[in-house]
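Report on the structure given below.
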Amino acid sequence: MDLALVWVFILAFAVYAYVVLDGFDLGVGILSPFVATSEERERMIGSIAPVWDGNETWLVLGGGGLMAAFPLAYAILMPAVYAPLIAMLLALIFRGVAFEFRHRDPRHRPVWTAGFVLGSYVAAFMQGIVLGTILQGVETAGRSYAGGWWDWLSPFSVTTGLALVAGYALLGACWLLLKTSGELQERMFRFARPLTLVVVAFVGVVSLWTPLMSPFVAERWFAWPNLALLAPVPLLVIGIAVALLAALGKRQERPPFLLALALFFLSLLGLGISFYPFIVPGAVTIWQAAAPDASLGFLLVGTAILIPIILVYTAYSYWVFRGKVEDQHFYH
């Protein structure tokens, strides 16, 4: 068994689980300024109140797993993204504080709500910045990061930051289709259609921009026979986008959320296809960065126990708080 590849799949699963769970959570915060009344905003925030604080578990697993399983990649990538990563963590912390203080300090609720919204935007945007920085490649010298402090700030990384904000907003809108009804649900239907088009446009821009920056990625996608073998991926993206728009047009509640998750899955799959076998794009492969097999095996034992527990607990919490949100005080 190739333990390094097993850990790649574990980390990819953790990243996708984080996007699935915290994505719509952040998306609710991103969309909350655009509703008509404070009552609607309370229902939106009430839809995530029972579950929001457990979603960052997967972020911790992904970051900790990268450090433990691929220490060389962690040592190179972290200095390249220190600034946006710290900004993201501070935004998540401030967002969590604001979320709880909204209910404990009604007198200053508008201020705390603004903090919740700002934290949602900054966290989502900085996550996209981190992604874009890694995708555009980081300068290395041997086993160390050799770039500058501001290398993370580029037109490409800003584009990926905006793309992730739009993607999370789409997930948030589709989540609220499941959890709300009436005028608020109708508003989310109206939001989701243009958001779908914006997200697909961003996927197209990033997908075309990445090969222009990396000859390796260009050859992976456009050289024969890869062009024919990998063509189903972009075609599936288009097909899912069409199906999502059709489901929204039919006012279906459940399919849009599942289709939005499928768009994110295909995007993650496309990134994996683009850069495999590199874990630091263009510089370090999976096996060069991996810890010794003995360490990977030891870590795998604990992870094999931990992940099912997290999954069961998460599924149970969502089951307990299933259904529509009609009373903004149902949890707090």
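Chain labels follow the order of the structure tokens: the first chain is A, the next B, and so on; residue numbering restarts at 1 in every chain, and ligands are counted from 1 in their shown order.
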
- Task: Would you list the contacts of range 219-226 of chain A as a ChimeraX atom specification, taking every protein, DNA or RNA residue within 10 Å and counting only C-alpha atoms, but skipping same-chain residues closer than 2 positions in sequence?
- Result: /A:211,214-217,228-231,270,273-276

Please write the residues from the selection above to a file, keeping all heavy atoms, as a tab-separated table (two decimals), in the first residue's frame.
```
chain	number	residue	atom	x	y	z
A	211	PRO	N	-3.32	26.86	-16.99
A	211	PRO	CA	-2.37	26.33	-17.98
A	211	PRO	C	-1.47	27.40	-18.58
A	211	PRO	O	-0.34	27.10	-18.99
A	211	PRO	CB	-3.28	25.72	-19.05
A	211	PRO	CG	-4.58	25.48	-18.37
A	211	PRO	CD	-4.72	26.55	-17.36
A	214	SER	N	1.44	27.57	-16.26
A	214	SER	CA	2.20	26.34	-16.03
A	214	SER	C	2.22	25.47	-17.28
A	214	SER	O	1.19	24.89	-17.65
A	214	SER	CB	1.58	25.55	-14.86
A	214	SER	OG	2.14	24.27	-14.76
A	215	PRO	N	3.37	25.33	-17.93
A	215	PRO	CA	3.47	24.42	-19.08
A	215	PRO	C	3.11	22.99	-18.71
A	215	PRO	O	2.57	22.25	-19.54
A	215	PRO	CB	4.93	24.55	-19.50
A	215	PRO	CG	5.37	25.88	-18.98
A	215	PRO	CD	4.62	26.08	-17.70
A	216	PHE	N	3.42	22.59	-17.47
A	216	PHE	CA	3.09	21.24	-17.02
A	216	PHE	C	1.58	21.01	-17.06
A	216	PHE	O	1.11	19.98	-17.55
A	216	PHE	CB	3.62	21.02	-15.61
A	216	PHE	CG	3.27	19.68	-15.02
A	216	PHE	CD1	4.03	18.56	-15.30
A	216	PHE	CD2	2.15	19.53	-14.20
A	216	PHE	CE1	3.71	17.32	-14.77
A	216	PHE	CE2	1.82	18.29	-13.66
A	216	PHE	CZ	2.59	17.19	-13.95
A	217	VAL	N	0.81	21.97	-16.55
A	217	VAL	CA	-0.66	21.85	-16.56
A	217	VAL	C	-1.19	21.90	-17.98
A	217	VAL	O	-2.11	21.15	-18.34
A	217	VAL	CB	-1.29	22.95	-15.69
A	217	VAL	CG1	-2.81	22.89	-15.76
A	217	VAL	CG2	-0.82	22.83	-14.25
A	228	ALA	N	-8.45	14.02	-25.02
A	228	ALA	CA	-9.65	13.19	-25.16
A	228	ALA	C	-10.03	12.52	-23.85
A	228	ALA	O	-11.21	12.44	-23.50
A	228	ALA	CB	-9.42	12.14	-26.25
A	229	LEU	N	-9.02	12.05	-23.10
A	229	LEU	CA	-9.31	11.32	-21.87
A	229	LEU	C	-9.92	12.22	-20.79
A	229	LEU	O	-10.77	11.78	-20.00
A	229	LEU	CB	-8.03	10.68	-21.34
A	229	LEU	CG	-7.41	9.58	-22.22
A	229	LEU	CD1	-6.07	9.14	-21.65
A	229	LEU	CD2	-8.36	8.39	-22.34
A	230	LEU	N	-9.49	13.49	-20.73
A	230	LEU	CA	-9.93	14.39	-19.67
A	230	LEU	C	-11.09	15.29	-20.08
A	230	LEU	O	-11.61	16.05	-19.24
A	230	LEU	CB	-8.76	15.25	-19.20
A	230	LEU	CG	-7.56	14.48	-18.65
A	230	LEU	CD1	-6.45	15.44	-18.24
A	230	LEU	CD2	-7.97	13.62	-17.46
A	231	ALA	N	-11.49	15.22	-21.34
A	231	ALA	CA	-12.60	16.06	-21.81
A	231	ALA	C	-13.89	15.88	-21.00
A	231	ALA	O	-14.64	16.86	-20.85
A	231	ALA	CB	-12.86	15.79	-23.29
A	270	GLY	N	-10.48	18.47	-10.81
A	270	GLY	CA	-9.69	19.11	-11.86
A	270	GLY	C	-8.35	19.59	-11.37
A	270	GLY	O	-7.32	19.45	-12.06
A	273	ILE	N	-6.10	16.55	-10.94
A	273	ILE	CA	-5.62	16.08	-12.24
A	273	ILE	C	-4.52	17.00	-12.77
A	273	ILE	O	-3.52	16.55	-13.33
A	273	ILE	CB	-6.78	16.00	-13.24
A	273	ILE	CG1	-7.75	14.88	-12.84
A	273	ILE	CG2	-6.27	15.78	-14.66
A	273	ILE	CD1	-9.03	14.86	-13.65
A	274	SER	N	-4.69	18.30	-12.57
A	274	SER	CA	-3.75	19.27	-13.12
A	274	SER	C	-2.36	19.12	-12.55
A	274	SER	O	-1.36	19.25	-13.28
A	274	SER	CB	-4.26	20.69	-12.87
A	274	SER	OG	-5.47	20.93	-13.55
A	275	PHE	N	-2.25	18.87	-11.24
A	275	PHE	CA	-0.94	18.98	-10.59
A	275	PHE	C	-0.35	17.65	-10.13
A	275	PHE	O	0.79	17.64	-9.67
A	275	PHE	CB	-1.05	19.94	-9.40
A	275	PHE	CG	-1.28	21.37	-9.82
A	275	PHE	CD1	-2.56	21.92	-9.76
A	275	PHE	CD2	-0.25	22.14	-10.32
A	275	PHE	CE1	-2.78	23.22	-10.17
A	275	PHE	CE2	-0.47	23.44	-10.74
A	275	PHE	CZ	-1.73	23.99	-10.65
A	276	TYR	N	-1.08	16.57	-10.20
A	276	TYR	CA	-0.53	15.27	-9.81
A	276	TYR	C	0.72	14.98	-10.65
A	276	TYR	O	0.69	15.18	-11.87
A	276	TYR	CB	-1.58	14.17	-10.02
A	276	TYR	CG	-1.06	12.79	-9.68
A	276	TYR	CD1	-1.05	12.34	-8.37
A	276	TYR	CD2	-0.56	11.95	-10.68
A	276	TYR	CE1	-0.57	11.08	-8.06
A	276	TYR	CE2	-0.08	10.69	-10.38
A	276	TYR	CZ	-0.09	10.27	-9.07
A	276	TYR	OH	0.41	9.02	-8.76
```

- Query: range 146-163 of chain A: which residues within 10 Å, counting only C-alpha atoms, same-chain residues fewer than 2 positions away excluded, as JSON, numbers by chain?
  - Reply: {"A": [76, 79, 80, 81, 82, 83, 84, 121, 122, 123, 124, 125, 126, 127, 128, 129, 130, 131, 132, 133, 134, 135, 136, 137, 138, 139, 140, 141, 142, 143, 144, 165, 166, 167, 168, 169, 198, 199, 200, 201, 202, 203, 205, 206, 209, 210, 213]}

- Message: I'd like the neighbourhood of Val242 in chain A as a list in words, where a residue qualifies if any of its atoms comes within 10 Å (using only C-alpha atoms), though same-chain residues fewer than 6 positions away should be ignored.
- Response: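 These residues fall inside the cut-off: Thr196, Leu197, Leu236, Leu248 and Leu259 of chain A.
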
- Item | Polymer residues at most 9 Å from range 299-303 of chain A, only C-alpha atoms, same-chain spacing of 4 or more positions, as a PyMOL selection string | chain A and resi 3+6-7+10+65+68-69+294-295+307-308

- Test item: residues at most 6 Å from range 44-56 of chain A, only C-alpha atoms, excluding those fewer than 3 positions along its chain, as number ranges by chain: A: 21-22, 41, 59, 325, 328

- Message: Just want the 10 Å neighbourhood of Leu11 in chain A, counted on only C-alpha atoms, with same-chain residues fewer than 3 positions away dropped. Output as a list in words.
- Response: Leu5, Val6, Trp7, Val8, Ala14, Val15, Tyr16, Ala17, Trp58, Leu59, Leu61, Gly62, Gly63, Gly64, Gly65, Leu66 and Ala69 of chain A

- Using DSSP on the backbone, list every residue of range 147-188 of chain A that comes out as alpha helix (DSSP H), and give them as a PyMOL selection string. chain A and resi 155-179+182-188

Write out the residues from the selection above, keeping N, CA and C atoms, as a CSV table (one decimal), in the first residue's frame.
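The result, written out as selection_5.csv:
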```csv
chain,number,residue,atom,x,y,z
A,155,PRO,N,-2.9,39.1,-9.4
A,155,PRO,CA,-4.2,39.1,-10.1
A,155,PRO,C,-4.8,37.7,-10.1
A,156,PHE,N,-4.0,36.6,-10.2
A,156,PHE,CA,-4.6,35.3,-10.2
A,156,PHE,C,-5.2,34.9,-8.8
A,157,SER,N,-4.4,35.2,-7.8
A,157,SER,CA,-4.9,34.9,-6.4
A,157,SER,C,-6.1,35.7,-6.0
A,158,VAL,N,-6.2,36.9,-6.4
A,158,VAL,CA,-7.4,37.8,-6.2
A,158,VAL,C,-8.6,37.2,-6.9
A,159,THR,N,-8.3,36.7,-8.1
A,159,THR,CA,-9.4,36.1,-8.9
A,159,THR,C,-9.9,34.8,-8.2
A,160,THR,N,-9.0,34.0,-7.7
A,160,THR,CA,-9.5,32.8,-7.0
A,160,THR,C,-10.2,33.1,-5.7
A,161,GLY,N,-9.7,34.2,-5.1
A,161,GLY,CA,-10.4,34.7,-3.9
A,161,GLY,C,-11.8,35.1,-4.2
A,162,LEU,N,-12.0,35.8,-5.2
A,162,LEU,CA,-13.4,36.3,-5.6
A,162,LEU,C,-14.2,35.0,-6.0
A,163,ALA,N,-13.6,34.1,-6.7
A,163,ALA,CA,-14.3,32.9,-7.1
A,163,ALA,C,-14.8,32.1,-5.9
A,164,LEU,N,-14.0,32.0,-4.9
A,164,LEU,CA,-14.5,31.2,-3.7
A,164,LEU,C,-15.6,31.9,-3.0
A,165,VAL,N,-15.5,33.3,-2.9
A,165,VAL,CA,-16.6,34.0,-2.3
A,165,VAL,C,-17.9,33.7,-3.1
A,166,ALA,N,-17.9,33.8,-4.4
A,166,ALA,CA,-19.0,33.5,-5.2
A,166,ALA,C,-19.5,32.1,-5.0
A,167,GLY,N,-18.6,31.1,-5.0
A,167,GLY,CA,-18.9,29.7,-4.8
A,167,GLY,C,-19.6,29.5,-3.4
A,168,TYR,N,-19.0,30.0,-2.4
A,168,TYR,CA,-19.7,29.9,-1.1
A,168,TYR,C,-21.0,30.5,-1.0
A,169,ALA,N,-21.2,31.7,-1.7
A,169,ALA,CA,-22.5,32.3,-1.7
A,169,ALA,C,-23.5,31.4,-2.4
A,170,LEU,N,-23.1,30.7,-3.5
A,170,LEU,CA,-24.0,29.8,-4.2
A,170,LEU,C,-24.4,28.6,-3.2
A,171,LEU,N,-23.4,28.1,-2.5
A,171,LEU,CA,-23.7,27.0,-1.6
A,171,LEU,C,-24.6,27.5,-0.5
A,172,GLY,N,-24.4,28.7,0.0
A,172,GLY,CA,-25.3,29.3,1.0
A,172,GLY,C,-26.7,29.5,0.5
A,173,ALA,N,-26.9,29.9,-0.7
A,173,ALA,CA,-28.2,30.1,-1.3
A,173,ALA,C,-28.9,28.8,-1.4
A,174,CYS,N,-28.2,27.8,-1.9
A,174,CYS,CA,-28.8,26.4,-2.1
A,174,CYS,C,-29.1,25.8,-0.7
A,175,TRP,N,-28.3,26.0,0.3
A,175,TRP,CA,-28.6,25.5,1.6
A,175,TRP,C,-29.9,26.1,2.1
A,176,LEU,N,-30.1,27.4,1.9
A,176,LEU,CA,-31.2,28.1,2.4
A,176,LEU,C,-32.5,27.7,1.7
A,177,LEU,N,-32.3,27.2,0.5
A,177,LEU,CA,-33.5,26.6,-0.2
A,177,LEU,C,-34.0,25.4,0.5
A,178,LEU,N,-33.1,24.7,1.2
A,178,LEU,CA,-33.5,23.5,2.0
A,178,LEU,C,-34.1,23.9,3.3
A,179,LYS,N,-33.6,25.0,3.9
A,179,LYS,CA,-33.9,25.3,5.3
A,179,LYS,C,-35.0,26.4,5.5
A,182,GLY,N,-41.2,30.4,2.0
A,182,GLY,CA,-41.9,31.7,1.8
A,182,GLY,C,-41.0,32.6,1.0
A,183,GLU,N,-41.1,33.9,1.3
A,183,GLU,CA,-40.4,35.0,0.6
A,183,GLU,C,-38.9,34.8,0.7
A,184,LEU,N,-38.3,34.4,1.8
A,184,LEU,CA,-36.9,34.2,1.9
A,184,LEU,C,-36.4,33.1,1.0
A,185,GLN,N,-37.1,32.0,0.9
A,185,GLN,CA,-36.7,31.0,0.0
A,185,GLN,C,-36.8,31.5,-1.5
A,186,GLU,N,-37.9,32.2,-1.8
A,186,GLU,CA,-38.0,32.8,-3.1
A,186,GLU,C,-36.8,33.7,-3.5
A,187,ARG,N,-36.4,34.5,-2.5
A,187,ARG,CA,-35.3,35.3,-2.7
A,187,ARG,C,-34.0,34.5,-3.0
A,188,MET,N,-33.8,33.4,-2.3
A,188,MET,CA,-32.7,32.6,-2.6
A,188,MET,C,-32.7,32.0,-4.0
```

- Query: Can you tell me, as JSON, numbers by chain, what residues are no more than 9 Å from Leu261 in chain A when counting only C-alpha atoms, ignoring any on the same chain fewer than 5 positions away?
  - Reply: {"A": [19, 20, 171, 256, 266]}

- Message: Based on the backbone DSSP call, show me all residues of range 17-174 of chain A assigned strand (DSSP E), as a list in words.
- Response: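 Reading the DSSP output for range 17-174 of chain A, strand (DSSP E) covers Thr140, Ala141, Ser144 and Tyr145 of chain A.
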
Grab the residues selected above and save them as a tab-separated table (two decimals), in the first residue's frame with C-alpha atoms.
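Written out: result_8.tsv:
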```tsv
chain	number	residue	atom	x	y	z
A	140	THR	CA	11.66	27.40	-3.77
A	141	ALA	CA	15.36	26.99	-3.11
A	144	SER	CA	12.82	25.99	1.57
A	145	TYR	CA	10.51	28.77	0.45
```

- Message: What's the separation between CA of Ala192 in chain A and CA of Phe321 in chain A, in Å to one decimal place?
- Response: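 A separation of 23.7 Å between them.
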